[in-house]
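> To be precise about what I am sending: the file is called model.cif and holds mmCIF, C-alpha atoms.
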data_data
#
loop_
_atom_site.group_PDB
_atom_site.id
_atom_site.type_symbol
_atom_site.label_atom_id
_atom_site.label_comp_id
_atom_site.auth_asym_id
_atom_site.auth_seq_id
_atom_site.Cartn_x
_atom_site.Cartn_y
_atom_site.Cartn_z
ATOM 1 C CA LYS A 1 14.215 -5.714 10.406
ATOM 2 C CA LYS A 2 10.496 -5.674 9.705
ATOM 3 C CA PRO A 3 7.596 -5.276 12.152
ATOM 4 C CA GLU A 4 4.817 -7.827 12.379
ATOM 5 C CA ILE A 5 1.985 -7.326 9.917
ATOM 6 C CA PHE A 6 -1.572 -8.583 10.141
ATOM 7 C CA LEU A 7 -2.910 -9.630 6.767
ATOM 8 C CA VAL A 8 -6.511 -10.309 5.705
ATOM 9 C CA GLY A 9 -7.197 -12.032 2.397
ATOM 10 C CA ILE A 10 -7.778 -15.352 0.664
ATOM 11 C CA ASP A 11 -5.581 -18.441 0.702
ATOM 12 C CA CYS A 12 -4.737 -21.747 -0.887
ATOM 13 C CA ARG A 13 -2.433 -24.667 -0.165
ATOM 14 C CA THR A 14 0.154 -25.598 -2.800
ATOM 15 C CA SER A 15 3.713 -26.811 -3.412
ATOM 16 C CA ASN A 16 6.517 -26.275 -5.884
ATOM 17 C CA ASN A 17 6.292 -29.910 -7.023
ATOM 18 C CA ALA A 18 5.020 -30.901 -10.470
ATOM 19 C CA GLY A 19 4.048 -27.334 -11.314
ATOM 20 C CA ALA A 20 1.301 -27.127 -8.675
ATOM 21 C CA ALA A 21 2.197 -23.570 -7.669
ATOM 22 C CA MET A 22 2.346 -22.506 -11.327
ATOM 23 C CA ASN A 23 -1.395 -23.297 -11.521
ATOM 24 C CA ASP A 24 -2.593 -22.628 -7.958
ATOM 25 C CA ILE A 25 -1.025 -19.192 -7.432
ATOM 26 C CA PRO A 26 -2.285 -17.608 -10.694
ATOM 27 C CA ALA A 27 -5.748 -19.068 -9.918
ATOM 28 C CA LEU A 28 -5.650 -17.432 -6.466
ATOM 29 C CA TRP A 29 -4.679 -14.076 -8.035
ATOM 30 C CA GLU A 30 -7.506 -14.468 -10.552
ATOM 31 C CA ARG A 31 -9.960 -15.057 -7.708
ATOM 32 C CA PHE A 32 -8.544 -12.064 -5.775
ATOM 33 C CA TYR A 33 -9.239 -9.765 -8.711
ATOM 34 C CA SER A 34 -12.422 -11.333 -10.113
ATOM 35 C CA GLU A 35 -14.149 -11.325 -6.697
ATOM 36 C CA ASN A 36 -12.755 -7.847 -5.899
ATOM 37 C CA ILE A 37 -11.415 -9.149 -2.581
ATOM 38 C CA ILE A 38 -9.540 -5.898 -1.918
ATOM 39 C CA SER A 39 -12.873 -4.074 -1.547
ATOM 40 C CA GLN A 40 -14.050 -6.639 1.038
ATOM 41 C CA ILE A 41 -11.101 -6.120 3.411
ATOM 42 C CA PRO A 42 -11.943 -3.672 6.228
ATOM 43 C CA ASP A 43 -9.436 -1.511 8.110
ATOM 44 C CA LYS A 44 -6.706 -1.594 5.442
ATOM 45 C CA VAL A 45 -3.605 0.384 6.408
ATOM 46 C CA SER A 46 -2.756 0.886 2.729
ATOM 47 C CA GLU A 47 -3.718 -0.194 -0.775
ATOM 48 C CA GLU A 48 -0.634 -2.411 -0.971
ATOM 49 C CA ILE A 49 -1.318 -6.027 -1.806
ATOM 50 C CA ILE A 50 0.771 -8.663 -0.062
ATOM 51 C CA ALA A 51 1.301 -12.249 -1.170
ATOM 52 C CA LEU A 52 2.413 -14.264 1.875
ATOM 53 C CA TYR A 53 4.035 -17.696 1.731
ATOM 54 C CA CYS A 54 3.582 -19.409 5.101
ATOM 55 C CA ASP A 55 2.744 -22.594 7.008
ATOM 56 C CA TYR A 56 5.624 -24.403 5.310
ATOM 57 C CA GLU A 57 5.801 -28.134 6.038
ATOM 58 C CA GLY A 58 9.576 -27.909 5.726
ATOM 59 C CA ASP A 59 11.652 -26.027 3.185
ATOM 60 C CA HIS A 60 10.573 -24.634 -0.206
ATOM 61 C CA THR A 61 10.293 -28.156 -1.639
ATOM 62 C CA LYS A 62 7.432 -29.054 0.752
ATOM 63 C CA PRO A 63 3.766 -27.887 0.753
ATOM 64 C CA TYR A 64 2.956 -24.376 1.978
ATOM 65 C CA SER A 65 0.108 -21.863 2.063
ATOM 66 C CA VAL A 66 -0.253 -18.711 -0.021
ATOM 67 C CA VAL A 67 -2.331 -15.784 1.242
ATOM 68 C CA ILE A 68 -3.112 -12.790 -0.972
ATOM 69 C CA GLY A 69 -4.501 -9.806 0.854
ATOM 70 C CA CYS A 70 -3.884 -6.436 2.464
ATOM 71 C CA PRO A 71 -2.279 -5.295 5.704
ATOM 72 C CA VAL A 72 -4.873 -4.226 8.285
ATOM 73 C CA SER A 73 -4.953 -2.209 11.498
ATOM 74 C CA MET A 74 -7.712 -4.175 13.251
ATOM 75 C CA LEU A 75 -9.056 -7.720 13.175
ATOM 76 C CA ASP A 76 -12.493 -7.308 14.729
ATOM 77 C CA LYS A 77 -14.496 -7.123 11.467
ATOM 78 C CA VAL A 78 -13.043 -9.851 9.252
ATOM 79 C CA PRO A 79 -15.686 -10.886 6.701
ATOM 80 C CA GLU A 80 -16.710 -14.526 6.424
ATOM 81 C CA GLY A 81 -14.668 -16.363 3.813
ATOM 82 C CA LEU A 82 -11.508 -14.325 4.397
ATOM 83 C CA VAL A 83 -8.522 -15.470 6.445
ATOM 84 C CA VAL A 84 -6.224 -13.688 8.885
ATOM 85 C CA LYS A 85 -2.492 -14.311 9.018
ATOM 86 C CA GLN A 86 0.267 -12.740 11.059
ATOM 87 C CA ILE A 87 3.531 -12.043 9.282
ATOM 88 C CA PRO A 88 6.064 -12.285 12.104
ATOM 89 C CA GLY A 89 8.322 -9.375 12.886
ATOM 90 C CA GLY A 90 11.982 -10.190 12.424
ATOM 91 C CA THR A 91 14.936 -10.134 10.104
ATOM 92 C CA TYR A 92 14.333 -10.416 6.376
ATOM 93 C CA ALA A 93 16.529 -10.547 3.292
ATOM 94 C CA ALA A 94 15.145 -8.064 0.767
ATOM 95 C CA TYR A 95 14.963 -8.569 -2.995
ATOM 96 C CA ARG A 96 13.446 -6.546 -5.805
ATOM 97 C CA ALA A 97 11.913 -8.123 -8.894
ATOM 98 C CA ILE A 98 12.054 -5.345 -11.482
ATOM 99 C CA GLY A 99 10.757 -5.767 -15.017
ATOM 100 C CA GLU A 100 8.067 -7.682 -16.838
ATOM 101 C CA HIS A 101 5.725 -9.450 -14.445
ATOM 102 C CA PRO A 102 5.578 -12.342 -13.615
ATOM 103 C CA GLN A 103 8.786 -13.387 -15.417
ATOM 104 C CA THR A 104 11.144 -11.304 -13.256
ATOM 105 C CA LEU A 105 9.391 -12.481 -10.087
ATOM 106 C CA ILE A 106 9.764 -16.136 -11.112
ATOM 107 C CA LYS A 107 13.449 -15.486 -11.865
ATOM 108 C CA THR A 108 13.923 -13.796 -8.465
ATOM 109 C CA TRP A 109 12.395 -16.771 -6.624
ATOM 110 C CA GLY A 110 14.652 -19.114 -8.604
ATOM 111 C CA GLU A 111 17.649 -17.108 -7.405
ATOM 112 C CA ILE A 112 16.395 -17.165 -3.795
ATOM 113 C CA TRP A 113 16.037 -20.957 -3.884
ATOM 114 C CA GLN A 114 19.672 -21.242 -5.024
ATOM 115 C CA THR A 115 21.050 -19.193 -2.106
ATOM 116 C CA ASP A 116 22.312 -20.510 1.201
ATOM 117 C CA LEU A 117 20.312 -17.955 3.209
ATOM 118 C CA PRO A 118 19.576 -19.167 6.758
ATOM 119 C CA ARG A 119 15.830 -19.158 6.035
ATOM 120 C CA THR A 120 13.339 -19.645 8.870
ATOM 121 C CA TYR A 121 10.312 -20.466 6.663
ATOM 122 C CA THR A 122 8.114 -18.519 9.119
ATOM 123 C CA GLY A 123 6.669 -16.211 6.470
ATOM 124 C CA ASP A 124 8.088 -14.895 3.209
ATOM 125 C CA TYR A 125 6.171 -12.229 1.347
ATOM 126 C CA GLU A 126 5.876 -10.057 -1.739
ATOM 127 C CA VAL A 127 4.678 -6.455 -1.645
ATOM 128 C CA TYR A 128 2.769 -5.077 -4.619
ATOM 129 C CA GLY A 129 2.771 -1.346 -3.947
ATOM 130 C CA GLU A 130 2.890 1.857 -5.943
ATOM 131 C CA LYS A 131 6.066 0.811 -7.783
ATOM 132 C CA PHE A 132 4.120 -2.169 -9.113
ATOM 133 C CA THR A 133 0.841 -0.475 -10.003
ATOM 134 C CA SER A 134 2.030 2.863 -11.378
ATOM 135 C CA SER A 135 5.593 2.558 -12.613
ATOM 136 C CA SER A 136 7.377 1.038 -15.527
ATOM 137 C CA PRO A 137 9.220 -1.211 -15.219
ATOM 138 C CA GLN A 138 7.055 -2.864 -12.566
ATOM 139 C CA GLU A 139 8.665 -3.625 -9.208
ATOM 140 C CA VAL A 140 7.732 -6.217 -6.587
ATOM 141 C CA GLU A 141 9.523 -6.250 -3.242
ATOM 142 C CA VAL A 142 10.265 -9.737 -1.878
ATOM 143 C CA PHE A 143 11.102 -10.338 1.784
ATOM 144 C CA ILE A 144 12.558 -13.662 2.929
ATOM 145 C CA ALA A 145 12.486 -14.474 6.670
ATOM 146 C CA ILE A 146 15.989 -15.333 7.888
ATOM 147 C CA GLU A 147 17.633 -16.147 11.211
ATOM 148 C CA GLU A 148 18.771 -13.144 13.223
#
Take the structure in the file and give it back as structure tokens.

Amino acid sequence: KKPEIFLVGIDCRTSNNAGAAMNDIPALWERFYSENIISQIPDKVSEEIIALYCDYEGDHTKPYSVVIGCPVSMLDKVPEGLVVKQIPGGTYAAYRAIGEHPQTLIKTWGEIWQTDLPRTYTGDYEVYGEKFTSSSPQEVEVFIAIEE
């Protein structure tokens, strides 16, 4: 069970077809870091970075949005050019991608796609916290929204 989270960051639309995500998602991360987006997000509740997969047009084979940002406590000062998304509270299957990044994360997603989890496609997300930034091997937590 996870509570709802409000996320402020940047986004793009992509899909897992023809390698689109393999280009779009790294480009979004590059923009996040090169434009120092983290410093533009007010009212952060932590320095964790979240990558949210949302607004699915169906299952993981259909287009979806990716938002990279930080969890926030308030939404009244969102800078122009940034987006707000709500990660719904609910039941999530938890995974850990431990090891060399991004290879272990790509492998973890491949495993998730092969499962028969009762996914809701309401909002899946990755958490890049202290275990990612200051530990070796790196660890990314992955949460997949599932039916209760």
> Here's the selection I'm unsure about, the PyMOL selection byres ((chain A and resi 43) around 10); applied to the file above, which residues does it give, as a PyMOL selection string?
chain A and resi 8+40-42+44-46+70-78
> One decimal, in Å: what's the spacing between atom CA of Lys2 of chain A and atom CA of Thr91 of chain A?
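Calculated distance between atom CA of Lys2 of chain A and atom CA of Thr91 of chain A is 6.3 Å.
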> Please determine, counting only C-alpha atoms, which residue among A:Met22, A:Ala145, A:Leu28, A:Leu117 has the shortest atom-to-atom distance to Gln103 of chain A.
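Distance minimum relative to Gln103 of chain A lands on A:Met22.
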> With a distance cut-off of 8 Å and only C-alpha atoms, select the neighbouring residues of Val140 of chain A, excluding the residue or stretch itself and same-chain residues fewer than 6 positions from it, and output the selection as a ChimeraX atom specification.
/A:96-98,105,126-129,131-132
> With C-alpha atoms retained, could you export that selection as a PDB file, in the coordinates of the input?

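Output file selection-v7.pdb follows:
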ATOM      1  CA  ARG A  96      13.446  -6.546  -5.805  1.00  0.00           C
ATOM      2  CA  ALA A  97      11.913  -8.123  -8.894  1.00  0.00           C
ATOM      3  CA  ILE A  98      12.054  -5.345 -11.482  1.00  0.00           C
ATOM      4  CA  LEU A 105       9.391 -12.481 -10.087  1.00  0.00           C
ATOM      5  CA  GLU A 126       5.876 -10.057  -1.739  1.00  0.00           C
ATOM      6  CA  VAL A 127       4.678  -6.455  -1.645  1.00  0.00           C
ATOM      7  CA  TYR A 128       2.769  -5.077  -4.619  1.00  0.00           C
ATOM      8  CA  GLY A 129       2.771  -1.346  -3.947  1.00  0.00           C
ATOM      9  CA  LYS A 131       6.066   0.811  -7.783  1.00  0.00           C
ATOM     10  CA  PHE A 132       4.120  -2.169  -9.113  1.00  0.00           C
TER      11      PHE A 132
END
> Report as a list in words the residues that result from applying the PyMOL selection byres ((chain A and resi 112) around 12) to the structure here.
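On this input, the PyMOL selection byres ((chain A and resi 112) around 12) captures His60, Ala93, Ala94, Tyr95, Arg96, Ala97, Leu105, Ile106, Lys107, Thr108, Trp109, Gly110, Glu111, Trp113, Gln114, Thr115, Asp116, Leu117, Pro118, Arg119, Asp124, Val142, Phe143, Ile144, Ala145 and Ile146 of chain A.
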> Report as a PDB file with C-alpha atoms, in the frame of the given file the residues that result from applying the PyMOL selection byres ((chain A and resi 64) around 10) to the structure here.

ATOM      1  CA  CYS A  12      -4.737 -21.747  -0.887  1.00  0.00           C
ATOM      2  CA  ARG A  13      -2.433 -24.667  -0.165  1.00  0.00           C
ATOM      3  CA  THR A  14       0.154 -25.598  -2.800  1.00  0.00           C
ATOM      4  CA  SER A  15       3.713 -26.811  -3.412  1.00  0.00           C
ATOM      5  CA  ASN A  16       6.517 -26.275  -5.884  1.00  0.00           C
ATOM      6  CA  ALA A  21       2.197 -23.570  -7.669  1.00  0.00           C
ATOM      7  CA  TYR A  53       4.035 -17.696   1.731  1.00  0.00           C
ATOM      8  CA  CYS A  54       3.582 -19.409   5.101  1.00  0.00           C
ATOM      9  CA  ASP A  55       2.744 -22.594   7.008  1.00  0.00           C
ATOM     10  CA  TYR A  56       5.624 -24.403   5.310  1.00  0.00           C
ATOM     11  CA  GLU A  57       5.801 -28.134   6.038  1.00  0.00           C
ATOM     12  CA  GLY A  58       9.576 -27.909   5.726  1.00  0.00           C
ATOM     13  CA  ASP A  59      11.652 -26.027   3.185  1.00  0.00           C
ATOM     14  CA  HIS A  60      10.573 -24.634  -0.206  1.00  0.00           C
ATOM     15  CA  THR A  61      10.293 -28.156  -1.639  1.00  0.00           C
ATOM     16  CA  LYS A  62       7.432 -29.054   0.752  1.00  0.00           C
ATOM     17  CA  PRO A  63       3.766 -27.887   0.753  1.00  0.00           C
ATOM     18  CA  SER A  65       0.108 -21.863   2.063  1.00  0.00           C
ATOM     19  CA  VAL A  66      -0.253 -18.711  -0.021  1.00  0.00           C
ATOM     20  CA  TYR A 121      10.312 -20.466   6.663  1.00  0.00           C
TER      21      TYR A 121
END
> Between A:Asp11, A:Glu100, A:Tyr92, A:Glu148, which is the closest to Ser136 of chain A once you count all atoms listed in the file?
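That would be A:Glu100, the residue with the smallest distance to Ser136 of chain A.
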> So the first atom is atom CA of Ile25 of chain A and the second is atom CA of Glu4 of chain A; what is the distance between them in Å, to one decimal place?
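Those two atoms sit 23.6 Å apart.
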